[in-house]
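model-v2.csv (CSV, C-alpha atoms)
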chain,number,residue,atom,x,y,z
A,422,MET,CA,0.0,0.0,0.0
A,423,LYS,CA,1.4,3.4,-1.0
A,424,PRO,CA,1.9,5.9,1.9
A,425,SER,CA,-0.8,8.3,0.7
A,426,ALA,CA,-3.3,5.5,0.4
A,427,LEU,CA,-2.3,4.3,3.9
A,428,LEU,CA,-2.9,7.7,5.3
A,429,LEU,CA,-6.3,8.0,3.6
A,430,ALA,CA,-7.3,4.6,5.0
A,431,LEU,CA,-6.2,5.5,8.5
A,432,ALA,CA,-7.8,8.9,8.3
A,433,ILE,CA,-11.2,7.4,7.4
A,434,LEU,CA,-10.7,4.9,10.2
A,435,PHE,CA,-10.0,7.7,12.7
A,436,ALA,CA,-12.7,10.2,11.6
A,437,CYS,CA,-15.7,8.6,9.9
A,438,ASN,CA,-18.8,6.9,11.2
A,439,LYS,CA,-21.0,4.8,9.0
A,440,PRO,CA,-24.3,6.6,8.0
A,441,PRO,CA,-26.8,5.9,10.8
A,442,ALA,CA,-30.3,4.7,10.7
A,443,ALA,CA,-33.2,7.1,11.2
A,444,PRO,CA,-33.9,8.2,14.8
A,445,ALA,CA,-36.1,5.9,16.8
A,446,VAL,CA,-39.8,6.8,17.0
A,447,VAL,CA,-41.6,6.1,20.2
A,448,LYS,CA,-44.8,4.1,19.7
A,449,LYS,CA,-47.7,4.9,21.9
A,450,THR,CA,-47.8,1.4,23.5
A,451,GLU,CA,-44.1,1.0,23.8
A,452,PRO,CA,-42.5,1.4,27.3
A,453,THR,CA,-40.3,4.5,27.5
A,454,VAL,CA,-37.6,5.9,29.7
A,455,ARG,CA,-36.5,9.5,30.3
A,456,ALA,CA,-33.1,9.9,28.8
A,457,THR,CA,-30.4,12.3,27.9
A,458,VAL,CA,-30.1,12.5,24.1
A,459,VAL,CA,-27.0,13.8,22.5
A,460,THR,CA,-27.5,14.7,18.8
A,461,ILE,CA,-24.3,14.6,16.7
A,462,GLN,CA,-24.2,15.9,13.2
A,463,THR,CA,-21.7,14.5,10.7
A,464,THR,CA,-20.7,16.6,7.7
A,465,ILE,CA,-18.4,15.2,5.0
A,466,GLN,CA,-16.7,17.4,2.4
A,467,PRO,CA,-16.2,17.7,-0.6
A,468,ALA,CA,-19.1,15.1,-0.9
A,469,ASN,CA,-21.4,17.7,0.8
A,470,LYS,CA,-23.2,15.0,2.8
A,471,THR,CA,-24.7,15.4,6.2
A,472,TYR,CA,-25.9,12.8,8.6
A,473,SER,CA,-27.0,12.8,12.2
A,474,HIS,CA,-27.2,10.2,15.0
A,475,GLU,CA,-27.9,10.2,18.7
A,476,ILE,CA,-26.2,8.9,21.8
A,477,VAL,CA,-28.9,7.9,24.3
A,478,ILE,CA,-28.1,7.8,28.0
A,479,ALA,CA,-30.4,6.7,30.9
A,480,ASN,CA,-30.2,4.6,34.1
A,481,HIS,CA,-26.4,4.5,33.9
A,482,ARG,CA,-26.6,3.0,30.4
A,483,ALA,CA,-25.7,4.5,27.0
A,484,ARG,CA,-25.7,3.5,23.3
A,485,SER,CA,-25.3,5.2,19.9
A,486,THR,CA,-28.1,5.0,17.4
A,487,ASP,CA,-25.6,4.8,14.5
A,488,GLU,CA,-25.3,1.1,15.4
A,489,VAL,CA,-28.3,-0.9,14.4
A,490,ASP,CA,-28.1,-4.7,13.8
A,491,GLN,CA,-24.9,-5.0,15.8
A,492,TRP,CA,-24.5,-2.5,18.6
A,493,ARG,CA,-22.9,-1.9,21.9
A,494,LEU,CA,-24.6,-1.2,25.2
A,495,PHE,CA,-22.5,0.5,27.8
A,496,ASP,CA,-23.4,0.0,31.5
A,497,PHE,CA,-21.6,2.4,33.8
A,498,ALA,CA,-23.1,0.9,37.0
A,499,GLN,CA,-21.8,-2.6,36.2
A,500,LYS,CA,-18.7,-1.2,34.3
A,501,GLN,CA,-19.3,-3.5,31.3
A,502,VAL,CA,-20.1,-3.3,27.6
A,503,THR,CA,-22.6,-5.7,26.0
A,504,TYR,CA,-22.1,-6.4,22.3
A,505,VAL,CA,-25.6,-7.2,20.9
A,506,ASP,CA,-26.1,-9.0,17.6
A,507,ASP,CA,-29.7,-8.7,16.5
A,508,ILE,CA,-29.1,-10.9,13.5
A,509,ALA,CA,-27.4,-13.8,15.2
A,510,HIS,CA,-29.5,-13.3,18.4
A,511,THR,CA,-26.5,-13.3,20.6
A,512,VAL,CA,-24.9,-11.1,23.3
A,513,ARG,CA,-21.3,-10.9,24.5
A,514,VAL,CA,-20.5,-9.2,27.8
A,515,GLN,CA,-17.0,-7.7,28.5
A,516,SER,CA,-15.8,-5.6,31.4
A,517,PHE,CA,-14.6,-2.1,30.8
A,518,ALA,CA,-11.1,-3.2,32.0
A,519,ASP,CA,-11.0,-6.1,29.6
A,520,ALA,CA,-12.1,-3.9,26.7
A,521,ILE,CA,-9.3,-1.5,27.4
A,522,ALA,CA,-6.8,-4.3,27.8
A,523,SER,CA,-7.9,-5.9,24.5
A,524,ARG,CA,-7.6,-2.5,22.7
A,525,ARG,CA,-4.1,-1.9,24.1
A,526,ALA,CA,-3.0,-5.4,23.1
A,527,ALA,CA,-4.2,-4.8,19.5
A,528,VAL,CA,-2.2,-1.6,19.1
A,529,ALA,CA,0.9,-2.9,20.8
A,530,ARG,CA,1.8,-4.8,17.6
A,531,PRO,CA,5.2,-3.9,16.1
A,532,VAL,CA,5.1,-1.4,13.2
A,533,PRO,CA,7.5,-1.8,10.2
A,534,ASP,CA,10.4,0.7,10.1
A,535,GLY,CA,9.6,3.8,8.1
A,536,MET,CA,5.9,3.8,8.7
A,537,PRO,CA,4.4,7.0,10.1
A,538,ARG,CA,3.1,7.2,13.7
A,539,ALA,CA,0.2,9.2,14.9
A,540,GLN,CA,1.1,11.9,17.4
A,541,PHE,CA,-1.3,13.3,20.1
A,542,ALA,CA,-1.0,16.7,21.8
A,543,VAL,CA,-3.2,18.8,24.1
A,544,THR,CA,-2.9,22.5,23.1
A,545,ASN,CA,-3.6,25.7,25.1
A,546,ALA,CA,-6.6,26.6,23.0
A,547,GLN,CA,-10.0,26.7,24.8
A,548,LYS,CA,-13.6,27.6,24.0
A,549,THR,CA,-17.1,27.1,25.4
A,550,LEU,CA,-19.4,24.7,23.6
A,551,GLN,CA,-22.8,23.5,24.7
A,552,GLY,CA,-22.3,25.5,27.8
A,553,VAL,CA,-19.1,23.8,29.0
A,554,ALA,CA,-15.4,24.7,28.7
A,555,THR,CA,-13.5,22.6,26.2
A,556,LYS,CA,-9.8,22.1,25.4
A,557,GLN,CA,-8.3,21.4,22.1
A,558,SER,CA,-6.5,18.1,21.4
A,559,VAL,CA,-4.8,17.4,18.1
A,560,ILE,CA,-3.9,14.1,16.4
A,561,ARG,CA,-1.4,14.3,13.5
A,562,LEU,CA,-0.5,11.5,11.1
A,563,GLY,CA,1.5,12.7,8.2
A,564,ALA,CA,-0.8,15.2,6.3
A,565,TYR,CA,-3.8,14.0,8.3
A,566,GLN,CA,-4.9,16.2,11.2
A,567,ARG,CA,-7.8,15.7,13.7
A,568,GLU,CA,-8.9,18.3,16.2
A,569,LEU,CA,-11.0,17.3,19.2
A,570,TRP,CA,-12.6,19.9,21.5
A,571,ILE,CA,-13.2,17.9,24.6
A,572,GLY,CA,-15.2,19.0,27.7
A,573,SER,CA,-17.0,17.4,30.6
A,574,HIS,CA,-20.8,17.9,30.2
A,575,PRO,CA,-22.7,17.0,33.4
A,576,LEU,CA,-25.3,14.9,31.4
A,577,ILE,CA,-22.6,12.7,29.6
A,578,PRO,CA,-20.7,10.0,31.5
A,579,ARG,CA,-17.1,11.1,31.8
A,580,GLY,CA,-15.7,7.8,30.5
A,581,LEU,CA,-18.2,7.3,27.6
A,582,PHE,CA,-15.9,8.5,24.8
A,583,ALA,CA,-13.0,6.5,26.1
A,584,MET,CA,-15.1,3.3,26.2
A,585,LEU,CA,-16.4,4.0,22.7
A,586,GLN,CA,-12.8,3.9,21.6
A,587,ALA,CA,-11.8,1.0,23.7
A,588,SER,CA,-14.6,-1.3,22.5
A,589,GLU,CA,-14.1,-0.5,18.8
A,590,PRO,CA,-12.2,-3.4,17.1
A,591,ALA,CA,-8.6,-2.7,16.0
A,592,SER,CA,-8.0,-5.6,13.7
A,593,SER,CA,-5.6,-4.0,11.2
A,594,PRO,CA,-2.0,-5.4,11.3
A,595,LEU,CA,-0.9,-1.7,11.2
A,596,ALA,CA,-3.0,-0.7,14.2
A,597,GLY,CA,0.3,0.0,16.1
A,598,ILE,CA,0.7,3.2,13.9
A,599,THR,CA,-2.0,4.8,16.1
A,600,ARG,CA,-0.7,3.6,19.4
A,601,ALA,CA,0.2,6.9,21.0
A,602,ALA,CA,-3.0,8.6,19.9
A,603,ASP,CA,-5.0,5.5,20.9
A,604,GLU,CA,-3.6,5.5,24.4
A,605,ALA,CA,-4.3,9.2,24.9
A,606,LEU,CA,-8.0,8.7,23.8
A,607,LEU,CA,-8.4,5.8,26.2
A,608,GLU,CA,-7.5,8.2,29.0
A,609,VAL,CA,-10.0,10.9,28.0
A,610,GLN,CA,-12.4,11.9,30.8
A,611,GLY,CA,-14.8,14.0,28.8
A,612,PHE,CA,-16.5,14.0,25.4
A,613,PRO,CA,-15.6,15.8,22.1
A,614,LEU,CA,-18.2,18.5,21.5
A,615,VAL,CA,-16.5,19.1,18.1
A,616,ASP,CA,-14.4,16.6,16.2
A,617,HIS,CA,-12.8,17.9,13.0
A,618,ALA,CA,-10.6,15.9,10.7
A,619,GLU,CA,-9.0,16.8,7.4
A,620,LEU,CA,-6.6,15.3,4.9
A,621,PRO,CA,-5.3,16.7,1.7
A,622,TYR,CA,-5.7,14.1,-1.0
A,623,GLU,CA,-5.4,14.3,-4.8
A,624,ASN,CA,-5.7,18.1,-5.0
A,625,LYS,CA,-8.7,18.0,-2.7
A,626,LYS,CA,-9.1,18.3,1.1
A,627,LEU,CA,-11.2,15.6,2.7
A,628,ILE,CA,-13.0,17.0,5.7
A,629,VAL,CA,-15.1,15.2,8.3
A,630,ASP,CA,-16.8,17.1,11.1
A,631,ASN,CA,-18.7,15.5,14.0
A,632,THR,CA,-20.4,18.2,16.0
A,633,VAL,CA,-22.7,17.9,19.0
A,634,VAL,CA,-25.6,20.2,18.0
A,635,ARG,CA,-28.0,19.4,20.8
A,636,ILE,CA,-28.1,17.9,24.3
A,637,GLU,CA,-31.6,17.4,25.7
A,638,GLN,CA,-33.8,15.2,27.9
A,639,ARG,CA,-36.8,13.4,26.4
A,640,ASP,CA,-38.6,10.1,26.4
A,641,VAL,CA,-37.1,7.3,24.3
A,642,PRO,CA,-38.1,3.6,23.7
A,643,LEU,CA,-36.9,1.5,26.7
A,644,GLY,CA,-35.8,-1.1,24.2
A,645,LEU,CA,-33.0,1.2,22.9
A,646,LEU,CA,-31.1,0.6,26.2
A,647,THR,CA,-32.1,-3.1,26.7
A,648,ALA,CA,-30.5,-6.2,25.4
A,649,SER,CA,-33.0,-9.1,24.7
A,650,GLY,CA,-33.1,-11.7,27.5
A,651,LYS,CA,-33.9,-14.3,24.9
A,652,TYR,CA,-30.5,-14.0,23.1
A,653,SER,CA,-27.8,-16.6,23.8
A,654,GLU,CA,-24.6,-15.4,25.5
A,655,VAL,CA,-21.3,-15.9,23.8
A,656,LYS,CA,-18.5,-16.0,26.3
A,657,ILE,CA,-15.5,-13.8,25.9
A,658,ALA,CA,-12.2,-15.1,27.4
A,659,PRO,CA,-10.8,-12.6,30.0
A,660,VAL,CA,-7.6,-10.8,29.1
A,661,SER,CA,-4.5,-11.8,31.0
A,662,SER,CA,-1.9,-9.4,32.3
A,663,ASN,CA,0.2,-9.8,29.1
A,664,GLY,CA,-2.7,-8.7,27.0
A,665,ARG,CA,-3.7,-12.1,25.7
A,666,HIS,CA,-7.0,-13.9,25.9
Whole structure, C-alpha cells version:
Amino acid sequence: MKPSALLLALAILFACNKPPAAPAVVKKTEPTVRATVVTIQTTIQPANKTYSHEIVIANHRARSTDEVDQWRLFDFAQKQVTYVDDIAHTVRVQSFADAIASRRAAVARPVPDGMPRAQFAVTNAQKTLQGVATKQSVIRLGAYQRELWIGSHPLIPRGLFAMLQASEPASSPLAGITRAADEALLEVQGFPLVDHAELPYENKKLIVDNTVVRIEQRDVPLGLLTASGKYSEVKIAPVSSNGRH
C-alpha cells in the first residue's frame, strides 16, 4: 500500500462513522424511559453529505443509534459493555477493564520501520461549547490532522468517549501506527463536542466534522437501552496481564 493510500485509509478509520439509521420513533404502546439524548451531526466534504445520529443515556446506560443490527450497550453501573447482535440473536459481555486491555494489546503490535506514527497533543486553546469549557486536542499522522474539542458535560458520563474507543475493534495489522493517539484517547475523561478531521488528497481536502448540535432530555423507547433476555450469550475469554485472551 502506498503511503498516501495508507494515510487515507487510516484517516477514514479515525474520523468517519457509518451513516446511521433514522432516529427511533416512540410508539404509543411502547415502554419509554426519560433519557439524555446527544445529537451529533456529521458533515463530509467535498461530498457535501450530512448525517446525524444520537447517543442515548439513561439509568447509567448508553448507546449510539448509528449502530443498528450489531450494537454496543455501555453499563456504567456494572462497568461493562454488551455487544448485541440482533441478526445472530447473541450477546457478548465484556468488562470495561478487559475492553481497554484488548484494545491496548491490539495496538501494541510492532510497526515496520519507516511507517508514520500518529502523534497526540493537548494545546492551550480553549472555548465554550454547549455551555461547557472545552480544550483542544490534536492528532497528527503525516498530512492528516484531527482536532477534538473535549469537555465534561454533566449529562454525559465522563468515561463514555474512552469506552467507545476501547470497545471498537482494532484488527488491522498496522494498528500500532495509532498507538500513541489511541492510548491518549483511552485516558480521555470527557466528550468531544466538536471533532474535526482533514486530509489533503489528490488536489482536494477531505473533511469530516462531527459536531454535538443538541443535548436534551426526552422520552425514548426503553428497548433502545435493553438487550434481549432471549438471546444466547457468547463468552469472551478474560484478558490476561500480558494482553492475551
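You will find atom CA of Asp519 of chain A at 20.5 Å from atom CA of Gly611 of chain A.
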>> For a test of reading the model, state the distance in Å between atom CA of Arg561 of chain A and atom CA of Leu614 of chain A, rounded to one decimal.
In response: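 A separation of 19.1 Å between them.
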>> For Ala618 of chain A, find every residue with an atom within 7 Å (counting only C-alpha atoms), except residues of its own chain fewer than 6 positions away, and show them as a list in words.
In response: Ala436, Gln566, Arg567, Glu568, Ile628, Val629 and Asp630 of chain A
>> I want to know what sits within 9 Å of segment 509-516 of chain A, based on all atoms listed in the file, with residues of the same chain fewer than 5 positions away left out; could you give that as an MDAnalysis selection string?
In response: chainID A and resid 499:504 521 648:649 651:659
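Proximity to Leu627 of chain A at 9 Å, evaluated using only C-alpha atoms and with sequence-adjacent residues fewer than 3 positions away removed, yields Ile465, Gln466, Pro467, Ala468, Ala618, Glu619, Leu620, Pro621 and Tyr622 of chain A.
Comparing the minimum interatomic distances between Ala518 of chain A and each of A:Ala583, A:Asp640, A:Arg600, A:Arg484, counting all atoms listed in the file, we find that A:Ala583 sits nearest.
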> For Phe517 of chain A, which residue out of A:Ile636, A:Leu645, A:Met584, A:Ala542 is the nearest one, using only C-alpha atoms?
Replying inline: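 Looking at the shortest contact to Phe517 of chain A, the residue is A:Met584.
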> Between atom CA of Phe497 of chain A and atom CA of Ser588 of chain A, what is the distance, to one decimal in Å?
Replying inline: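 Computed distance, atom CA of Phe497 of chain A to atom CA of Ser588 of chain A, equals 13.8 Å.
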> Which one is closest to Val459 of chain A: A:Gly650, A:Pro642, A:Pro578, A:Pro590? Count all atoms listed in the file.
Replying inline: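 Closest to Val459 of chain A, using all atoms listed in the file: A:Pro578.
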>> Let me make sure I understand: among A:Ile476, A:Leu646, A:Val505, A:Val615, which one has the smallest atom-to-atom distance to Asp490 of chain A if we use only C-alpha atoms?
In response: A:Val505
>> Neighbouring residues of Arg455 of chain A were defined as those with any atom within 12 Å, considering all atoms listed in the file; residues of the same chain fewer than 2 positions away were excluded. Please report them as a list in words.
In response: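 Residues meeting the cut-off are Val447, Pro452, Thr453, Thr457, Val458, Val477, Ile478, Ala479, Asn480, His481, Arg482, Glu637, Gln638, Arg639, Asp640, Val641, Pro642, Leu643, Leu645 and Leu646 of chain A.
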>> Which residues are close to Leu562 of chain A, i.e. within 8 Å by all atoms listed in the file, leaving aside same-chain residues fewer than 6 positions away? Reply as a list in words.
In response: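 My reading of the contact set: Leu428, Pro537, Arg538, Ala539 and Gln540 of chain A.
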> Which is closest to Thr464 of chain A among A:Glu623, A:Glu608, A:Asp616, A:Asp507, if we use all atoms listed in the file?
Replying inline: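 Among A:Glu623, A:Glu608, A:Asp616, A:Asp507, it is A:Asp616 that comes nearest to Thr464 of chain A.
In this comparison, which uses all atoms listed in the file, the residue of A:Met536, A:Ala602, A:Ala527, A:Val553 approaching Leu576 of chain A most closely is A:Val553.
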